[in-house]
Structures are given as structure tokens and as C-alpha cells.
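Notes follow the structure.
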Amino acid sequence: MFKEIKRDFPASIVVFFVAVPLCLGIALASGAPLFAGIISGIIGGIVVGLASGSPLGVSGPAAGLAVIVLTAIDALGSWPTFLMAVVLAGVIQLAMGFARAGFVAFFFPSSVIKGMLTGIGLLIFLKQIPHALGYDKDAEGDFSFFQMDGETTLSSIGRAFELFTPGAVLISVISILLLILWETVLTKKHKIFQLLQGPIVVVVFGIFMNMLYQNGFLNLTLAADNLVRLPVSNTFTEFLSQFTMPEFSAIARFDVWKTAMVLAIVASLETLLCVEATDKLDPDKRITPTNRELKAQGLGNLVSGLIGGLPVTQVIVRSSANIAFGGQTKLSAVLHGFWLLLSAMTIVSVLNMIPLASLAAILMIVGYKLAKPVLFKQMYNLGWEQFIPFIMTVAGILLTDLLMGITIGMIFGIFFTLHHSYKNSYSMKDVVTSENNVETHHIILAENVSFFNKASIMKAVDSIPENSRVIIDCSKSKSIAHDVVEYIEDYKSNAKSKNIKVETIELKSPTA
């Protein structure tokens, strides 16, 4: 695991800097204690990272669960009771992993996964514009179109241009230029620039500028909400007091189990989607074992719930940042968890000097890499069957949220799948004439015929003229839906009224 430490080490620090405000922001959006977000980030990095088979995926608190968590805490009555639901969700995910439920990941079309990556990229970019301008009213990690602060993604950008903070703008502009210079020029000049990642330099630069502002430089300032705001512990005992145990007596409550089931299903779907997306981004195209990933996530949620953390999933923002800045193995994910733990114990005051504008610059570069304009052209060139599910997924994510966007994309993907299945359920040979001048039509059914194919087969059969002969060949079919078999049997009886002789080859009659 340590063979690529030269690249994993700096990547882990970048992921750590990205993770801190996201962990805090998602906790805030979830109505949970802020430190719960840090706990789940630590668990997602160390526990899930060690147990997972994903080489590049990074786990932590998920924005997609924020609304569910917010509602559940209120419905269950207390934070410790909700933690019991998180523990049970982990147990359910472990059971799903052992039941080999990870195969679900293979049913998401490539066009939808690419749309998810592009949509997330655009969303990251758009969501960071207000933070880059110093308008930080909405928490980091709020990735819904309709934001927690009452704004939308677009209205928040408009408001940011009206109420921008000059000090934050200066930091973000210079940071973006530094990142571009680092990647396009400096990394090609010397190996030291490959080892020392641009985002690390940007964070240090942001802290330096903040210190200058505090001393009256250019008469610029940053407000408290323009900076990272990690909960401060003055003693080790105070640090430990932020960990919370679940209410174990709540295990007998039906509503707790109901919440646990919802958390387990949604968290597993988000994880499997992210696994597919991360594997596509992996330059080495490695394949993550999905059943092992479900077990790892289950273990993570079990531990997170036991010590007071939010539910965790594999998350695309941190995973894509890991890939974008050179991560090679899961060591980078594990290390980022250790950095979260150590920093929460030791250097909170330093982290709280990091401007959100610096982190916004890093995330805007990540977003651009995920949603490069050339990708739209590539998907368009693949045809409508690929482009429409892709573009609808992108639009859905931008205008709703991640899970709804994926659902919209899947609906269009399924439509094209059914349309394709409709068109390819059978093949018809050329019409031939028998010695008695009776037209003979050959219909050869496909290898797999589902009930979705029934309409197209009916259309083909109904087009056969009177006084004909039709041969329905099922010899190449491995499976034929009961509905289709039943229709063919009925047709054999009804065809007599049109003086059509029907012959079937290897058709298994439907059973009662």
C-alpha cells in the first residue's frame, strides 16, 4: 500500500483540505453537531479506507443524505436515537455486502455515469463561485439546486456578485492562477513541483494573505464566515466530550429501524454510483469489488454511529479531488482520515485561518476537470441513445440534486434500452413463395425475449396477410417471457380465421 506514497502523500493532504469544510458544511446542513461531520470524515478515511477495495475512492459524510438526516433527527426526537439508526444502517449494509447485492452497480448505463460526473463537475464549479467571491451564506456541501439558505444555485451566484468581499476575490483569483501555472508549466519543469502539490501552496498562500489582512494589508479583511470554522477543543478531555454514544434502548423502536433501512439503501446507492464513477476516472481503469465496498461502508457506518458521526458513503467530490491531484492507491484516503483526526486534536486554530476562497479555487479546478467542454462533443458524437441520457442526467443534477438527477438520467436510459429491445426482439427472413403459391414468413425470435418485446412481436405478426403461412422459430431463444409465449399460442388459434397456418419451432407452451 506504500509503494506509491510519493504521490499518495501530497494527494492525501489536498483531499484533507477539501474534506474539512465539506464535513462541517454537511453536518450543518444535516442539523447535526458540527464535530459529527469531522468524525464521519475520520471514519470514512481510516476505517472505510482500510476495509475498502477501492483504490481511489474516498468516503465521508454525503451531501445526498443531508435532508434525510435533518428530517430523521427531528422525527426520532434526539441525536443519540438517530445514531442508533446509523449503527443499524451499518449492520444492514454489511448484510447486503455478504448477500452480494453489489451487482446493482452494473445496471447503471455508462451515459448516466458520465452525466453524473459532468453534472457534479458543473455543480462543484457553480457552487464554489459564491465562496470564491467571499459570499459564504450557504454552507459548503449543500449541493441541491434549492439551497438551505433559501437561495438557488443561480440566485446565490447573482447575490454573490452584489455582495462580494474584495479580500476573498483577490485570494481566489491569485489561487486559480497559481493552480493553472502549477499544472501547465511548473510540474513539467522540475519534480519538486510534482511532489509539492499546487493546492497545498494555495492553502498556505491563503493563510498568509489572511494574516496580512489582519495586519491592515491593502485595507482588506475577511469575516469569520469567510474562513474554515472547525470546533475548538482547549483540552483533550473537551475533545473527547464531542464524541457521542447512541441510545441503545432505541433498538426496539420501529421508526428507528425504518430510518436505518432508508439510510442503508440510499447510502448504498450513492456509494455504488460513486464506485462506478471513480472507476471510470481511474487512469489505470481498475475495478472496485462492489460487495466488498458495501461491507466496508457498513463497517464505517457501524463505527461512525457508535462514536457520534454522520452516516458515510463513498463521495465523488473527495474521490475526484484525490484522482485530480495524483492519488494512486487507497493510502491517500486512509492518510486523509489521519490528517482529519490529528488536526482536530492539535492545529484547529491554524485550520481556522484558511480562507474558503482558497478551497473554492481548488474545487473549481476539480469541477472543470470533471466537466471539460470536449466531453459534451464526444457524447454527442456517440448518438442520441448516449447523448440524451447523458445531458438529462447533467440537467437533472444541476436543477434538483444528485439522486434525482441520476433517476432522471436512468429513466431516459431505460427508455432507450426498451426502444432498442423493441427493435431487436426478432428478425424476419425474406418472404418466400411455396409451391402452392402461398407466402411463407419466417420470424426468428431473439436469444432473450422479455415482456417488453411483446408489442414489437405482435406488430410483426399482425402484419402478416391472410392466406399465408408463418413459421415462428424459437430455437435460438434461451428464454422467452410467459406473456410472449401465451400470445403466440393465442395467435395460433386466432390465425385460423384469416386462413393463416402457424408453425412453431421449439416453443414451450405456457404452464397454468
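Every chain in the C-alpha cells takes a letter, A first, then B, and so on in the order presented; its residues are numbered from 1, and the ligands are numbered from 1 following the presented order.
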
With a distance cut-off of 7 Å and only C-alpha atoms, select the neighbouring residues of Ser111 in chain A, excluding the residue or stretch itself and same-chain residues fewer than 5 positions from it, and output the selection as number ranges by chain. A: 386, 389-390

Atoms kept (C-alpha atoms) for selection, written as a CSV table (one decimal), in the first residue's frame:
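For reference, selection-v4.csv as written:
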```csv
chain,number,residue,atom,x,y,z
A,386,GLN,CA,-26.0,8.0,-25.4
A,389,PRO,CA,-29.5,10.2,-21.0
A,390,PHE,CA,-26.1,12.0,-20.5
```

Got a sec: who's within 9 Å of Thr407 in chain A, counting only C-alpha atoms, leaving out chain neighbours fewer than 5 positions off, as JSON, numbers by chain? {"A": [393, 396, 402, 412]}

Based on the selection just made, write N, CA and C atoms of those residues as a tab-separated table (two decimals), in the first residue's frame.
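What follows is the written file out.tsv:
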```
chain	number	residue	atom	x	y	z
A	393	THR	N	-29.16	13.69	-17.39
A	393	THR	CA	-28.56	13.48	-16.07
A	393	THR	C	-27.88	14.75	-15.59
A	396	GLY	N	-30.56	17.27	-14.73
A	396	GLY	CA	-31.26	16.87	-13.51
A	396	GLY	C	-30.45	17.17	-12.26
A	402	LEU	N	-28.37	15.28	-6.63
A	402	LEU	CA	-27.64	14.16	-7.22
A	402	LEU	C	-28.54	12.96	-7.49
A	412	PHE	N	-34.45	8.02	-18.84
A	412	PHE	CA	-34.17	8.16	-20.27
A	412	PHE	C	-33.31	6.99	-20.77
```

Contacts of Phe193 in chain A at 12 Å or less, counting only C-alpha atoms, minus same-chain residues fewer than 6 places along, as a PyMOL selection string? chain A and resi 7+10+178-179+181-187+199-201+325

Phe164 in chain A environment, 6 Å, only C-alpha atoms, sequence neighbours closer than 4 positions dropped, as number ranges by chain: A: 133-135, 160

Which of A:Ile472, A:Val58, A:Asp462, A:Ile176 sits closest to Lys498 in chain A [using only C-alpha atoms]: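 Of A:Ile472, A:Val58, A:Asp462, A:Ile176, the one nearest Lys498 in chain A is A:Asp462, counting only C-alpha atoms.
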
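Among the candidate residues A:Ser304, A:Asn499, A:Ser349, A:Ser52, the one lying nearest to Ala85 in chain A is A:Ser304, with distances computed using only C-alpha atoms.
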
Residue nearest Trp257 in chain A among A:Asp138, A:Val202, A:Pro465, A:Val86 (counting only C-alpha atoms):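 Of all the options, A:Val86 lies closest to Trp257 in chain A.
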
From a DSSP pass on the backbone, collect the residues of range 143-231 of chain A flagged as helix (DSSP H, G or I) and hand them back as a ChimeraX atom specification. /A:153-162,166-189,192-195,198-214,217-219,224-226

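From CA of Phe248 in chain A back to CA of Pro80 in chain A, the distance works out to 8.5 Å.
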
For range 68-103 of chain A against range 29-41 of chain A, with a cut-off of 12 Å and counting only C-alpha atoms, what is the closest atom pair and its distance in Å to one decimal for every residue that makes the cut, ordered by chain and number, as a Markdown table?
```
| residue | atom | partner | partner_atom | distance |
| --- | --- | --- | --- | --- |
| A:Ile68 | CA | A:Ser30 | CA | 7.9 |
| A:Val69 | CA | A:Ser30 | CA | 5.5 |
| A:Leu70 | CA | A:Ser30 | CA | 4.6 |
| A:Thr71 | CA | A:Ser30 | CA | 8.3 |
| A:Ala72 | CA | A:Ser30 | CA | 9.5 |
| A:Ile73 | CA | A:Gly31 | CA | 7.8 |
| A:Asp74 | CA | A:Gly31 | CA | 8.9 |
| A:Ser78 | CA | A:Ala32 | CA | 10.2 |
| A:Trp79 | CA | A:Ala32 | CA | 7.5 |
| A:Pro80 | CA | A:Ala32 | CA | 10.7 |
| A:Phe82 | CA | A:Ala32 | CA | 10.0 |
| A:Leu83 | CA | A:Ala36 | CA | 10.3 |
| A:Val86 | CA | A:Ser40 | CA | 11.2 |
```

Nearby residues (only C-alpha atoms) at most 12 Å from Gly298 in chain A, same-chain spacing under 6 positions excluded, as a ChimeraX atom specification: /A:43-44,47-48,51-52,59,86-98,260,263-265,267-268,271,291-292,304-305,311-314

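Counting only C-alpha atoms, the residue from A:Ser450, A:Ser156, A:Val275, A:Leu507 that sits nearest to Pro55 in chain A is A:Val275.
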
Can you list, as number ranges by chain, every residue of range 45-171 of chain A that DSSP puts in strand (DSSP E)? A: 58-61

Considering only C-alpha atoms, state which residue in the set A:Glu238, A:Asp401, A:Asp282, A:Glu385 is at the smallest distance from His419 in chain A.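 Selected residue with least distance to His419 in chain A: A:Glu385.
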
Write out as a PyMOL selection string each polymer residue whose atoms come within 10 Å of Ile171 in chain A, counting only C-alpha atoms; drop sequence neighbours fewer than 3 positions from it. chain A and resi 132-134+166-168+174-176+202-203+205-207+209-210+355-358+361

Close residues, Ile388 in chain A itself excluded, 9 Å, only C-alpha atoms, min 4 positions apart in chain, as a PyMOL selection string: chain A and resi 111+379-380+383-384+392-393+409+412-413

File dump, residues just selected, C-alpha atoms, as a CSV table (one decimal), in the first residue's frame:
```csv
chain,number,residue,atom,x,y,z
A,111,SER,CA,-24.0,7.5,-20.3
A,379,MET,CA,-21.1,12.2,-26.1
A,380,TYR,CA,-23.0,14.0,-28.9
A,383,GLY,CA,-25.6,9.4,-31.0
A,384,TRP,CA,-28.9,10.3,-29.3
A,392,MET,CA,-30.6,14.8,-19.0
A,393,THR,CA,-28.6,13.5,-16.1
A,409,GLY,CA,-31.0,10.0,-16.4
A,412,PHE,CA,-34.2,8.2,-20.3
A,413,GLY,CA,-31.6,5.4,-20.3
```
